[in-house]
Amino acid sequence: MSWSPSPTTAALELREVGHDYPSRDGTVPALDGITLSLDQGQHLAVVGPSGSGKSTLLRLIAGFQQPTRGTLTVHGTPVTGPGPDRGVVFQQPTLFPWLSVLANVEFGLRMAGVPRKERRERALHQLALVGLADTARMRPYELSGGMQQRVAIARALAPDPGIVLMDEPFGALDALTRERMQEELRLLWRHTRKTLVFITHDVEEAVFLGTRIIVLSARPGRIILEESSDLPYEENPRAAPGFARLRERITEAVRHAAHQAH
Amino acid sequence: MNTAVRPRTGPTDRGSGTRLNSDNSTRSRFHLSAAARSLGLRALAVGGFLLLWWAVARAEIWPPVILPPPHAVWEQAVATTTEGFSGSTLPEHLWASMRRILTGSGYGTAGGILLGLLIGLVPALRVMLGPLISFVRALPPLAYLSLLVIWFGINEEPKIWLLIIASLPPVAVATADAVRNVGPDYLHAARSLGARSWRLPLWIVLPHALPEVITGVRIAVGVAYTSVVAAETVNGLPGIGGMIREAQRFNQTDIVILGLFVIGLSGLLIDGILQRIDRILAPWRGRT
Ligand SMILES: Nc1ncnc2c1ncn2[C@@H]1O[C@H](COP(=O)(O)OP(=O)(O)OP(=O)(O)O)[C@@H](O)[C@H]1O
Ligand SMILES: [Mg+2]
């Protein structure tokens with residue numbers, strides 16, 4: 001396995017992290033003062049209005065860009081770039097069009113040197129989990145947007161990374177598929193104890209999947225609400241007594257942040 | 001020859017699968033008739049051209065040495081194929097030229113891809129070599145043929161070098177541009193999946209650049225085609241260029257025209273093959 005959970009250091013630690021984008025006249029602050037510690041196995045859901053820096057936060061953790069301020073460590077090591085310890089599902093599917101669906105899902109395993117036969121089996125298994133085993137031989141552009149996004153999820157999960165980062169992965173799915181994927185993910189996480197950072201517009205989804213939930217303010221994104229929850233471990237989280245109450249609190253915070261923006 | 005690269009349309013349109021049946025059948029009937037009509041129009045144009053040619057030659061406004069009739073060219077095609085001209089048959093002349101084109105543009109393409117990769121990946125190399133490549137690209141091949149003859153003599157070497165120098169720059173430029181335009185998120189995705197060092201160019205950068213590289217190759221082969229006849233004006237026998245040159249010396253206009261047709265038609269054929277290869281190797285072109 002590509003990760004070793006350590007009992008002493010957090011899986012993910014951000015200290016006073018901020019990020020500015022360059023603009024024509026100076027810089028635009030997108031994120032500011034993000035301090036956050038996530039243990040192995042926790043699922044962080046990030047909600048906030050559009051433009052509040054959610055994707056920026058994810059890209060910093062992924063190592064695609066470096067924070068302007070503050071420090072960011074994964075299992076105690078500063079993040080300097082992308083790596084196979086952090087699987088990423090982008091807001092856009094970003095599949096490789098020159099590879100078949102199966103070869104896309106196999107990609108991480110191939111880079112890790114997994115032998116051909118095992119690689120194929122694990123990739124097919126992962127594709128089956130997202131309900132797309134029959135598309136293995138197709139090319140990504142032959143699939144619908146939602147199907148592509150599910151392949152992207154399978155591709156990120158196949159090499160079994162310790163931390164998974166997802167940017168609104170279910171945005172393009174219909175309600176039914178979306179619910180199925182949410183449930184699949186919830187159970188998967190309960191069994192594997194992976195660390196998950198999950199961005200969503202959907203407060204209900206955040207409460208359903210997140211053991212930790214943060215709400216970001218309008219630009220620059222700051223944490224304006226932080227909640228912990230055991231609901232994802234319930235048999236049926238949506239029916240649990242705390243579900244509606246937590247959803248209300250978070251909705252209220254998001255509404256407040258969105259009002260700030262206008 | 002035609003090196004213009006058009007965006008692909010037609011049977012790759014997958015949207016049609018979701019249409020109603022009746023809709024589909026009218027569509028395909030329309031397609032069939034459109035294809036038949038364009039074929040018919042093309043045949044009409046060729047036939048009209050031949051007829052006009054024949055009529056003008058028949059009117060004998062100019063003597064046959066200026067404008068031979070179409071059947072004289074056809075007779076020469078048969079005669080040069082069976083009996084030969086200047087020591088070789090027509091297929092041998094054609095094969096000699098084709099071998100030069102394939103060898104020259106083959107090396108030129110390989111070198112162009114390699115150089116383009118380096119230039120696209122290493123900014124310092126781009127600064128150093130970019131202007132040189134643009135300079136060589138702007139030169140007409142005949143301009144440096146004399147230099148190549150001084151350096152390499154009059155046999156195969158200068159001809160192959162001419163074609164290499166003519167075909168390398170377009171491939172290098174196309175490859176370098178495509179390499180530089182790789183979407184950063186493709187590289188991010190690959191690195192998040194564990195790809196490092198030489199695996200990034202191999203698995204991401206080159207495949208991503210493939211459609212543009214193939215376009216570069218089509219241009220390179222086109223350039224090689226226009227250059228080969230020039231290269232063969234010096235000791236070019238056997239070869240279509242040498243054959244044309246030799247026929248010109250003896251005022252055998254029908255053979256000159258025959259040479260033009262042979263080089264033009266074989267050029268169209270090769271470009272058609274390259275387009276087919278493009279469709280097989282880069283089916284995602286224009287769809288991402
Ligand atoms: N590459 C960039 N260059 C300049 N500014 C950027 C860039 N990317 C994002 N920004 C700015 O940073 C802010 C945060 O963007 P980000 O994409 O992180 O928001 P988000 O919360 O993911 O929004 P959404 O919910 O719409 O996806 C925005 O105001 C945006 O204008
Ligand atoms: Mg976003």
# chains A, B, ... in the order shown; residues from 1 in each chain; ligands from 1
>>> residues_around(residues="Ala158 in chain A", least_positions_apart="2", cutoff="10 Å", atoms="only C-alpha atoms", output="JSON, numbers by chain")
{"A": [87, 104, 105, 106, 107, 108, 109, 119, 122, 123, 124, 125, 126, 127, 152, 153, 154, 155, 156, 160, 161], "B": [193]}
>>> write_last_selection(atoms="C-alpha atoms", output="compact mmCIF listing (two decimals), in the first residue's frame")
# COMPACT_ATOMS: atom_id res chain seq x y z
CA GLY A 87 -5.76 10.53 -5.42
CA ASN A 104 -7.39 5.10 -17.80
CA VAL A 105 -8.44 3.19 -14.68
CA GLU A 106 -5.29 1.03 -14.92
CA PHE A 107 -3.00 4.06 -15.23
CA GLY A 108 -2.10 4.47 -11.55
CA LEU A 109 -1.54 0.73 -11.12
CA ARG A 119 -3.78 -4.61 -12.74
CA ARG A 122 -8.32 -4.49 -9.97
CA ALA A 123 -9.24 -1.94 -12.63
CA LEU A 124 -12.23 -4.00 -13.79
CA HIS A 125 -13.35 -4.41 -10.19
CA GLN A 126 -13.13 -0.65 -9.67
CA LEU A 127 -15.08 -0.01 -12.87
CA ALA A 152 -12.52 9.43 -13.13
CA ILE A 153 -13.57 8.29 -9.66
CA ALA A 154 -12.62 4.70 -10.50
CA ARG A 155 -9.27 5.91 -11.86
CA ALA A 156 -8.48 7.82 -8.68
CA ASP A 160 -5.73 2.67 -3.46
CA PRO A 161 -4.36 6.03 -2.28
CA LEU B 193 -1.48 8.75 -10.27
>>> residues_near_ligand(ligand="ligand 2", cutoff="12 Å", atoms="only C-alpha atoms and all ligand atoms", output="NGL selection string")
:A and (30 or 46-59 or 89-92 or 166-169 or 171 or 198-201)
>>> write_last_selection(atoms="N, CA and C atoms", output="PDB file, in the first residue's frame")
ATOM      1  N   ALA A  30      -7.714  34.380  -2.621  1.00  0.00           N
ATOM      2  CA  ALA A  30      -8.769  33.393  -2.811  1.00  0.00           C
ATOM      3  C   ALA A  30      -9.051  32.628  -1.519  1.00  0.00           C
ATOM      4  N   VAL A  46     -16.280  19.983   2.333  1.00  0.00           N
ATOM      5  CA  VAL A  46     -16.089  21.431   2.242  1.00  0.00           C
ATOM      6  C   VAL A  46     -17.252  22.023   1.462  1.00  0.00           C
ATOM      7  N   VAL A  47     -18.004  22.925   2.109  1.00  0.00           N
ATOM      8  CA  VAL A  47     -19.079  23.613   1.390  1.00  0.00           C
ATOM      9  C   VAL A  47     -18.841  25.117   1.437  1.00  0.00           C
ATOM     10  N   GLY A  48     -19.470  25.816   0.535  1.00  0.00           N
ATOM     11  CA  GLY A  48     -19.304  27.268   0.476  1.00  0.00           C
ATOM     12  C   GLY A  48     -19.833  27.778  -0.834  1.00  0.00           C
ATOM     13  N   PRO A  49     -20.127  29.079  -0.912  1.00  0.00           N
ATOM     14  CA  PRO A  49     -20.669  29.624  -2.159  1.00  0.00           C
ATOM     15  C   PRO A  49     -19.650  29.537  -3.293  1.00  0.00           C
ATOM     16  N   SER A  50     -20.130  29.685  -4.511  1.00  0.00           N
ATOM     17  CA  SER A  50     -19.261  29.641  -5.680  1.00  0.00           C
ATOM     18  C   SER A  50     -18.195  30.729  -5.585  1.00  0.00           C
ATOM     19  N   GLY A  51     -16.954  30.360  -5.876  1.00  0.00           N
ATOM     20  CA  GLY A  51     -15.866  31.324  -5.832  1.00  0.00           C
ATOM     21  C   GLY A  51     -15.274  31.514  -4.452  1.00  0.00           C
ATOM     22  N   SER A  52     -15.658  30.655  -3.481  1.00  0.00           N
ATOM     23  CA  SER A  52     -15.166  30.817  -2.116  1.00  0.00           C
ATOM     24  C   SER A  52     -13.818  30.128  -1.908  1.00  0.00           C
ATOM     25  N   GLY A  53     -13.238  29.572  -2.978  1.00  0.00           N
ATOM     26  CA  GLY A  53     -11.902  28.993  -2.857  1.00  0.00           C
ATOM     27  C   GLY A  53     -11.871  27.506  -2.555  1.00  0.00           C
ATOM     28  N   LYS A  54     -12.994  26.811  -2.772  1.00  0.00           N
ATOM     29  CA  LYS A  54     -13.037  25.366  -2.489  1.00  0.00           C
ATOM     30  C   LYS A  54     -12.060  24.603  -3.395  1.00  0.00           C
ATOM     31  N   SER A  55     -12.153  24.877  -4.693  1.00  0.00           N
ATOM     32  CA  SER A  55     -11.244  24.186  -5.618  1.00  0.00           C
ATOM     33  C   SER A  55      -9.796  24.569  -5.338  1.00  0.00           C
ATOM     34  N   THR A  56      -9.584  25.827  -4.983  1.00  0.00           N
ATOM     35  CA  THR A  56      -8.228  26.272  -4.667  1.00  0.00           C
ATOM     36  C   THR A  56      -7.667  25.473  -3.490  1.00  0.00           C
ATOM     37  N   LEU A  57      -8.482  25.285  -2.463  1.00  0.00           N
ATOM     38  CA  LEU A  57      -8.058  24.508  -1.296  1.00  0.00           C
ATOM     39  C   LEU A  57      -7.656  23.094  -1.705  1.00  0.00           C
ATOM     40  N   LEU A  58      -8.485  22.498  -2.553  1.00  0.00           N
ATOM     41  CA  LEU A  58      -8.215  21.125  -2.990  1.00  0.00           C
ATOM     42  C   LEU A  58      -6.925  21.055  -3.803  1.00  0.00           C
ATOM     43  N   ARG A  59      -6.727  22.036  -4.676  1.00  0.00           N
ATOM     44  CA  ARG A  59      -5.539  22.028  -5.529  1.00  0.00           C
ATOM     45  C   ARG A  59      -4.266  22.260  -4.715  1.00  0.00           C
ATOM     46  N   VAL A  89      -9.932  13.553  -7.830  1.00  0.00           N
ATOM     47  CA  VAL A  89     -11.020  13.583  -8.809  1.00  0.00           C
ATOM     48  C   VAL A  89     -11.322  15.057  -9.072  1.00  0.00           C
ATOM     49  N   PHE A  90     -11.121  15.470 -10.321  1.00  0.00           N
ATOM     50  CA  PHE A  90     -11.245  16.889 -10.677  1.00  0.00           C
ATOM     51  C   PHE A  90     -12.703  17.298 -10.845  1.00  0.00           C
ATOM     52  N   GLN A  91     -12.918  18.620 -10.850  1.00  0.00           N
ATOM     53  CA  GLN A  91     -14.270  19.127 -11.135  1.00  0.00           C
ATOM     54  C   GLN A  91     -14.671  18.735 -12.570  1.00  0.00           C
ATOM     55  N   GLN A  92     -13.698  18.738 -13.506  1.00  0.00           N
ATOM     56  CA  GLN A  92     -13.893  18.175 -14.846  1.00  0.00           C
ATOM     57  C   GLN A  92     -13.251  16.792 -14.855  1.00  0.00           C
ATOM     58  N   MET A 166     -11.712  15.028  -3.744  1.00  0.00           N
ATOM     59  CA  MET A 166     -12.747  15.042  -4.777  1.00  0.00           C
ATOM     60  C   MET A 166     -13.389  16.418  -4.872  1.00  0.00           C
ATOM     61  N   ASP A 167     -13.432  16.943  -6.108  1.00  0.00           N
ATOM     62  CA  ASP A 167     -14.006  18.269  -6.330  1.00  0.00           C
ATOM     63  C   ASP A 167     -15.372  18.121  -7.009  1.00  0.00           C
ATOM     64  N   GLU A 168     -16.431  18.214  -6.249  1.00  0.00           N
ATOM     65  CA  GLU A 168     -17.800  18.071  -6.763  1.00  0.00           C
ATOM     66  C   GLU A 168     -17.929  16.910  -7.742  1.00  0.00           C
ATOM     67  N   PRO A 169     -17.582  15.697  -7.298  1.00  0.00           N
ATOM     68  CA  PRO A 169     -17.524  14.576  -8.242  1.00  0.00           C
ATOM     69  C   PRO A 169     -18.897  14.138  -8.744  1.00  0.00           C
ATOM     70  N   GLY A 171     -21.521  16.178  -9.312  1.00  0.00           N
ATOM     71  CA  GLY A 171     -22.269  17.300  -9.862  1.00  0.00           C
ATOM     72  C   GLY A 171     -22.994  16.975 -11.155  1.00  0.00           C
ATOM     73  N   PHE A 198     -13.685  16.295   0.421  1.00  0.00           N
ATOM     74  CA  PHE A 198     -14.790  16.203  -0.493  1.00  0.00           C
ATOM     75  C   PHE A 198     -15.440  17.569  -0.628  1.00  0.00           C
ATOM     76  N   ILE A 199     -15.467  18.102  -1.851  1.00  0.00           N
ATOM     77  CA  ILE A 199     -16.074  19.421  -2.056  1.00  0.00           C
ATOM     78  C   ILE A 199     -17.460  19.249  -2.646  1.00  0.00           C
ATOM     79  N   THR A 200     -18.411  20.010  -2.152  1.00  0.00           N
ATOM     80  CA  THR A 200     -19.755  19.889  -2.697  1.00  0.00           C
ATOM     81  C   THR A 200     -20.536  21.190  -2.530  1.00  0.00           C
ATOM     82  N   HIS A 201     -21.498  21.375  -3.416  1.00  0.00           N
ATOM     83  CA  HIS A 201     -22.448  22.476  -3.271  1.00  0.00           C
ATOM     84  C   HIS A 201     -23.634  22.035  -2.425  1.00  0.00           C
TER      85      HIS A 201
END
>>> interface_residues(of="chain B", to="chain A", cutoff="9 Å", atoms="only C-alpha atoms", output="VMD selection string")
chain B and resid 14 185 to 186 188 to 196 199 204 207 to 208 281 to 284 287 to 288
>>> closest_residue(among="B:Val256, B:Leu118, B:Val223, B:Ile154", to="Ala172 in chain B", atoms="only C-alpha atoms")
B:Leu118
>>> residues_around(residues="Arg249 in chain A", least_positions_apart="3", cutoff="12 Å", atoms="only C-alpha atoms", output="JSON list (two decimals) with all heavy atoms, in the first residue's frame")
[["chain", "number", "residue", "atom", "x", "y", "z"],
["A", 203, "VAL", "N", -25.49, 20.62, 0.54],
["A", 203, "VAL", "CA", -25.35, 20.50, 2.00],
["A", 203, "VAL", "C", -25.76, 19.11, 2.47],
["A", 203, "VAL", "O", -25.11, 18.50, 3.31],
["A", 203, "VAL", "CB", -26.20, 21.59, 2.71],
["A", 203, "VAL", "CG1", -26.17, 21.38, 4.20],
["A", 203, "VAL", "CG2", -25.67, 22.97, 2.36],
["A", 204, "GLU", "N", -26.82, 18.58, 1.89],
["A", 204, "GLU", "CA", -27.30, 17.25, 2.26],
["A", 204, "GLU", "C", -26.20, 16.20, 2.05],
["A", 204, "GLU", "O", -25.97, 15.32, 2.87],
["A", 204, "GLU", "CB", -28.54, 16.92, 1.42],
["A", 204, "GLU", "CG", -28.97, 15.49, 1.53],
["A", 204, "GLU", "CD", -30.44, 15.35, 1.89],
["A", 204, "GLU", "OE1", -31.09, 16.40, 2.08],
["A", 204, "GLU", "OE2", -30.90, 14.22, 1.98],
["A", 207, "VAL", "N", -23.52, 16.47, 4.71],
["A", 207, "VAL", "CA", -23.91, 15.88, 6.00],
["A", 207, "VAL", "C", -23.95, 14.36, 5.90],
["A", 207, "VAL", "O", -23.63, 13.65, 6.86],
["A", 207, "VAL", "CB", -25.28, 16.44, 6.44],
["A", 207, "VAL", "CG1", -25.73, 15.81, 7.75],
["A", 207, "VAL", "CG2", -25.20, 17.96, 6.59],
["A", 213, "ILE", "N", -17.13, 18.76, 8.74],
["A", 213, "ILE", "CA", -17.71, 19.62, 7.72],
["A", 213, "ILE", "C", -17.25, 21.04, 7.96],
["A", 213, "ILE", "O", -17.35, 21.54, 9.09],
["A", 213, "ILE", "CB", -19.26, 19.55, 7.75],
["A", 213, "ILE", "CG1", -19.72, 18.10, 7.55],
["A", 213, "ILE", "CG2", -19.86, 20.46, 6.68],
["A", 213, "ILE", "CD1", -21.11, 17.84, 8.06],
["A", 214, "ILE", "N", -16.69, 21.70, 6.94],
["A", 214, "ILE", "CA", -16.36, 23.11, 7.08],
["A", 214, "ILE", "C", -17.13, 23.92, 6.04],
["A", 214, "ILE", "O", -17.40, 23.45, 4.94],
["A", 214, "ILE", "CB", -14.84, 23.41, 6.97],
["A", 214, "ILE", "CG1", -14.29, 22.96, 5.62],
["A", 214, "ILE", "CG2", -14.08, 22.76, 8.10],
["A", 214, "ILE", "CD1", -12.86, 23.42, 5.38],
["A", 215, "VAL", "N", -17.48, 25.14, 6.44],
["A", 215, "VAL", "CA", -18.14, 26.06, 5.52],
["A", 215, "VAL", "C", -17.18, 27.22, 5.28],
["A", 215, "VAL", "O", -16.64, 27.80, 6.22],
["A", 215, "VAL", "CB", -19.47, 26.59, 6.09],
["A", 215, "VAL", "CG1", -20.12, 27.58, 5.13],
["A", 215, "VAL", "CG2", -20.42, 25.44, 6.40],
["A", 224, "ILE", "N", -15.86, 29.57, 8.30],
["A", 224, "ILE", "CA", -16.79, 30.29, 9.16],
["A", 224, "ILE", "C", -17.61, 29.33, 10.01],
["A", 224, "ILE", "O", -18.30, 29.75, 10.94],
["A", 224, "ILE", "CB", -17.75, 31.21, 8.36],
["A", 224, "ILE", "CG1", -18.51, 30.40, 7.31],
["A", 224, "ILE", "CG2", -17.00, 32.37, 7.74],
["A", 224, "ILE", "CD1", -19.66, 31.20, 6.71],
["A", 225, "LEU", "N", -17.56, 28.04, 9.71],
["A", 225, "LEU", "CA", -18.26, 27.06, 10.56],
["A", 225, "LEU", "C", -17.53, 25.73, 10.45],
["A", 225, "LEU", "O", -17.09, 25.34, 9.36],
["A", 225, "LEU", "CB", -19.71, 26.89, 10.11],
["A", 225, "LEU", "CG", -20.53, 25.90, 10.95],
["A", 225, "LEU", "CD1", -20.83, 26.49, 12.32],
["A", 225, "LEU", "CD2", -21.81, 25.52, 10.24],
["A", 226, "GLU", "N", -17.36, 25.06, 11.58],
["A", 226, "GLU", "CA", -16.71, 23.77, 11.56],
["A", 226, "GLU", "C", -17.52, 22.82, 12.42],
["A", 226, "GLU", "O", -17.86, 23.13, 13.55],
["A", 226, "GLU", "CB", -15.28, 23.90, 12.09],
["A", 226, "GLU", "CG", -14.48, 22.64, 11.89],
["A", 226, "GLU", "CD", -13.00, 22.85, 12.16],
["A", 226, "GLU", "OE1", -12.57, 24.00, 12.40],
["A", 226, "GLU", "OE2", -12.27, 21.84, 12.14],
["A", 227, "GLU", "N", -17.89, 21.68, 11.88],
["A", 227, "GLU", "CA", -18.72, 20.71, 12.60],
["A", 227, "GLU", "C", -18.09, 19.33, 12.54],
["A", 227, "GLU", "O", -17.44, 18.98, 11.57],
["A", 227, "GLU", "CB", -20.12, 20.63, 11.96],
["A", 227, "GLU", "CG", -20.92, 21.91, 12.02],
["A", 227, "GLU", "CD", -21.60, 22.12, 13.37],
["A", 227, "GLU", "OE1", -21.50, 21.22, 14.23],
["A", 227, "GLU", "OE2", -22.23, 23.18, 13.54],
["A", 242, "GLY", "N", -30.03, 13.54, 14.37],
["A", 242, "GLY", "CA", -29.23, 14.76, 14.24],
["A", 242, "GLY", "C", -29.15, 15.32, 12.83],
["A", 242, "GLY", "O", -28.71, 16.45, 12.63],
["A", 243, "PHE", "N", -29.56, 14.52, 11.83],
["A", 243, "PHE", "CA", -29.31, 14.86, 10.42],
["A", 243, "PHE", "C", -29.92, 16.21, 10.03],
["A", 243, "PHE", "O", -29.22, 17.11, 9.55],
["A", 243, "PHE", "CB", -29.88, 13.75, 9.53],
["A", 243, "PHE", "CG", -29.44, 13.85, 8.09],
["A", 243, "PHE", "CD1", -28.23, 13.29, 7.69],
["A", 243, "PHE", "CD2", -30.21, 14.51, 7.14],
["A", 243, "PHE", "CE1", -27.82, 13.37, 6.38],
["A", 243, "PHE", "CE2", -29.79, 14.61, 5.82],
["A", 243, "PHE", "CZ", -28.59, 14.02, 5.45],
["A", 244, "ALA", "N", -31.22, 16.36, 10.30],
["A", 244, "ALA", "CA", -31.91, 17.58, 9.89],
["A", 244, "ALA", "C", -31.34, 18.80, 10.60],
["A", 244, "ALA", "O", -31.17, 19.87, 10.00],
["A", 244, "ALA", "CB", -33.41, 17.46, 10.15],
["A", 245, "ARG", "N", -31.03, 18.63, 11.87],
["A", 245, "ARG", "CA", -30.53, 19.76, 12.65],
["A", 245, "ARG", "C", -29.18, 20.24, 12.10],
["A", 245, "ARG", "O", -28.97, 21.43, 11.88],
["A", 245, "ARG", "CB", -30.36, 19.33, 14.12],
["A", 245, "ARG", "CG", -30.90, 20.37, 15.09],
["A", 245, "ARG", "CD", -30.80, 19.87, 16.54],
["A", 245, "ARG", "NE", -31.22, 18.48, 16.67],
["A", 245, "ARG", "CZ", -30.48, 17.54, 17.29],
["A", 245, "ARG", "NH1", -29.31, 17.83, 17.80],
["A", 245, "ARG", "NH2", -30.94, 16.30, 17.40],
["A", 246, "LEU", "N", -28.27, 19.28, 11.83],
["A", 246, "LEU", "CA", -26.95, 19.64, 11.30],
["A", 246, "LEU", "C", -27.09, 20.29, 9.92],
["A", 246, "LEU", "O", -26.45, 21.30, 9.62],
["A", 246, "LEU", "CB", -26.07, 18.38, 11.19],
["A", 246, "LEU", "CG", -24.61, 18.60, 10.80],
["A", 246, "LEU", "CD1", -23.93, 19.59, 11.74],
["A", 246, "LEU", "CD2", -23.85, 17.27, 10.81],
["A", 252, "GLU", "N", -27.69, 27.37, 7.01],
["A", 252, "GLU", "CA", -27.74, 28.74, 7.52],
["A", 252, "GLU", "C", -26.40, 29.45, 7.29],
["A", 252, "GLU", "O", -26.36, 30.60, 6.82],
["A", 252, "GLU", "CB", -28.09, 28.70, 9.02],
["A", 252, "GLU", "CG", -28.48, 30.04, 9.59],
["A", 252, "GLU", "CD", -29.55, 30.74, 8.76],
["A", 252, "GLU", "OE1", -30.56, 30.08, 8.40],
["A", 252, "GLU", "OE2", -29.35, 31.92, 8.45],
["A", 253, "ALA", "N", -25.30, 28.73, 7.60],
["A", 253, "ALA", "CA", -23.96, 29.32, 7.44],
["A", 253, "ALA", "C", -23.66, 29.61, 5.96],
["A", 253, "ALA", "O", -23.12, 30.67, 5.63],
["A", 253, "ALA", "CB", -22.90, 28.38, 8.01],
["A", 254, "VAL", "N", -24.04, 28.68, 5.08],
["A", 254, "VAL", "CA", -23.79, 28.87, 3.65],
["A", 254, "VAL", "C", -24.59, 30.07, 3.15],
["A", 254, "VAL", "O", -24.09, 30.90, 2.39],
["A", 254, "VAL", "CB", -24.16, 27.60, 2.85],
["A", 254, "VAL", "CG1", -24.03, 27.86, 1.36],
["A", 254, "VAL", "CG2", -23.28, 26.44, 3.26],
["A", 255, "ARG", "N", -25.83, 30.16, 3.62],
["A", 255, "ARG", "CA", -26.70, 31.27, 3.21],
["A", 255, "ARG", "C", -26.07, 32.59, 3.64],
["A", 255, "ARG", "O", -26.00, 33.55, 2.89],
["A", 255, "ARG", "CB", -28.08, 31.10, 3.84],
["A", 255, "ARG", "CG", -29.16, 31.90, 3.15],
["A", 255, "ARG", "CD", -30.53, 31.52, 3.68],
["A", 255, "ARG", "NE", -30.94, 30.20, 3.27],
["A", 255, "ARG", "CZ", -31.69, 29.37, 4.02],
["A", 255, "ARG", "NH1", -32.05, 29.74, 5.23],
["A", 255, "ARG", "NH2", -32.04, 28.19, 3.57],
["A", 256, "HIS", "N", -25.56, 32.60, 4.87],
["A", 256, "HIS", "CA", -24.92, 33.79, 5.40],
["A", 256, "HIS", "C", -23.72, 34.18, 4.54],
["A", 256, "HIS", "O", -23.55, 35.35, 4.18],
["A", 256, "HIS", "CB", -24.47, 33.52, 6.84],
["A", 256, "HIS", "CG", -23.86, 34.70, 7.50],
["A", 256, "HIS", "ND1", -24.60, 35.78, 7.92],
["A", 256, "HIS", "CD2", -22.56, 34.97, 7.80],
["A", 256, "HIS", "CE1", -23.79, 36.67, 8.45],
["A", 256, "HIS", "NE2", -22.54, 36.21, 8.40]]
>>> select_by_dssp(residues="range 65-254 of chain A", states="strand (DSSP E)", output="number ranges by chain")
A: 69-74, 77-78, 86-89, 163-167, 195-199, 212-216, 223-228
>>> residues_around(residues="range 166-171 of chain B", least_positions_apart="4", cutoff="9 Å", atoms="only C-alpha atoms", output="PyMOL selection string")
chain B and resi 104-113+115-116+133-134+136-137+139-141+161-162+175-176+212-224+227
>>> closest_residue(among="B:Ile66, B:Ile165, B:Val262, B:Glu157", to="His93 in chain B", atoms="only C-alpha atoms")
B:Val262
>>> closest_residue(among="B:Lys159, B:Arg37, B:Arg245, B:Arg42", to="Arg100 in chain B", atoms="only C-alpha atoms")
B:Lys159
>>> select_by_dssp(residues="range 125-196 of chain A", states="helix (DSSP H, G or I)", output="PyMOL selection string")
chain A and resi 125-129+133-135+140-142+145-157+175-192
>>> atom_distance(atom1="atom 25 (O, counted along the ligand's line) of ligand 1", atom2="CA of Glu184 in chain A")
23.6 Å
>>> closest_residue(among="A:Ala128, A:Ala257, A:Ala206, A:Val28", to="Arg186 in chain A", atoms="only C-alpha atoms")
A:Ala206
>>> residues_around(residues="Gly41 in chain A", least_positions_apart="6", cutoff="12 Å", atoms="only C-alpha atoms", output="JSON, numbers by chain")
{"A": [4, 5, 6, 7, 10, 11, 12, 162, 163, 164, 186, 188, 189, 190, 191, 192, 193, 194, 195, 196, 197, 210, 211, 212, 233]}
>>> closest_residue(among="A:Leu187, A:Ile34, A:Ala133, A:Ala218", to="ligand 1", atoms="only C-alpha atoms and all ligand atoms")
A:Ala218
>>> decode(residues="range 137-162 of chain A", atoms="C-alpha atoms", output="PDB file, in the first residue's frame")
ATOM      1  CA  ARG A 137     -13.045  -1.044 -24.043  1.00  0.00           C
ATOM      2  CA  MET A 138     -14.610   2.288 -24.998  1.00  0.00           C
ATOM      3  CA  ARG A 139     -12.865   5.630 -25.271  1.00  0.00           C
ATOM      4  CA  PRO A 140     -13.665   8.355 -22.706  1.00  0.00           C
ATOM      5  CA  TYR A 141     -15.236  10.672 -25.299  1.00  0.00           C
ATOM      6  CA  GLU A 142     -17.750   7.952 -26.141  1.00  0.00           C
ATOM      7  CA  LEU A 143     -19.253   8.278 -22.640  1.00  0.00           C
ATOM      8  CA  SER A 144     -21.643  10.844 -21.238  1.00  0.00           C
ATOM      9  CA  GLY A 145     -20.354  13.510 -18.849  1.00  0.00           C
ATOM     10  CA  GLY A 146     -21.682  11.662 -15.795  1.00  0.00           C
ATOM     11  CA  MET A 147     -20.192   8.361 -16.957  1.00  0.00           C
ATOM     12  CA  GLN A 148     -16.837  10.064 -17.539  1.00  0.00           C
ATOM     13  CA  GLN A 149     -16.944  11.423 -14.019  1.00  0.00           C
ATOM     14  CA  ARG A 150     -17.572   7.938 -12.616  1.00  0.00           C
ATOM     15  CA  VAL A 151     -14.604   6.611 -14.613  1.00  0.00           C
ATOM     16  CA  ALA A 152     -12.516   9.434 -13.134  1.00  0.00           C
ATOM     17  CA  ILE A 153     -13.568   8.291  -9.656  1.00  0.00           C
ATOM     18  CA  ALA A 154     -12.622   4.700 -10.495  1.00  0.00           C
ATOM     19  CA  ARG A 155      -9.266   5.906 -11.859  1.00  0.00           C
ATOM     20  CA  ALA A 156      -8.482   7.822  -8.675  1.00  0.00           C
ATOM     21  CA  LEU A 157      -9.491   4.936  -6.386  1.00  0.00           C
ATOM     22  CA  ALA A 158      -7.866   2.053  -8.310  1.00  0.00           C
ATOM     23  CA  PRO A 159      -4.302   2.557  -6.996  1.00  0.00           C
ATOM     24  CA  ASP A 160      -5.728   2.672  -3.462  1.00  0.00           C
ATOM     25  CA  PRO A 161      -4.358   6.033  -2.278  1.00  0.00           C
ATOM     26  CA  GLY A 162      -4.486   6.793   1.456  1.00  0.00           C
TER      27      GLY A 162
END
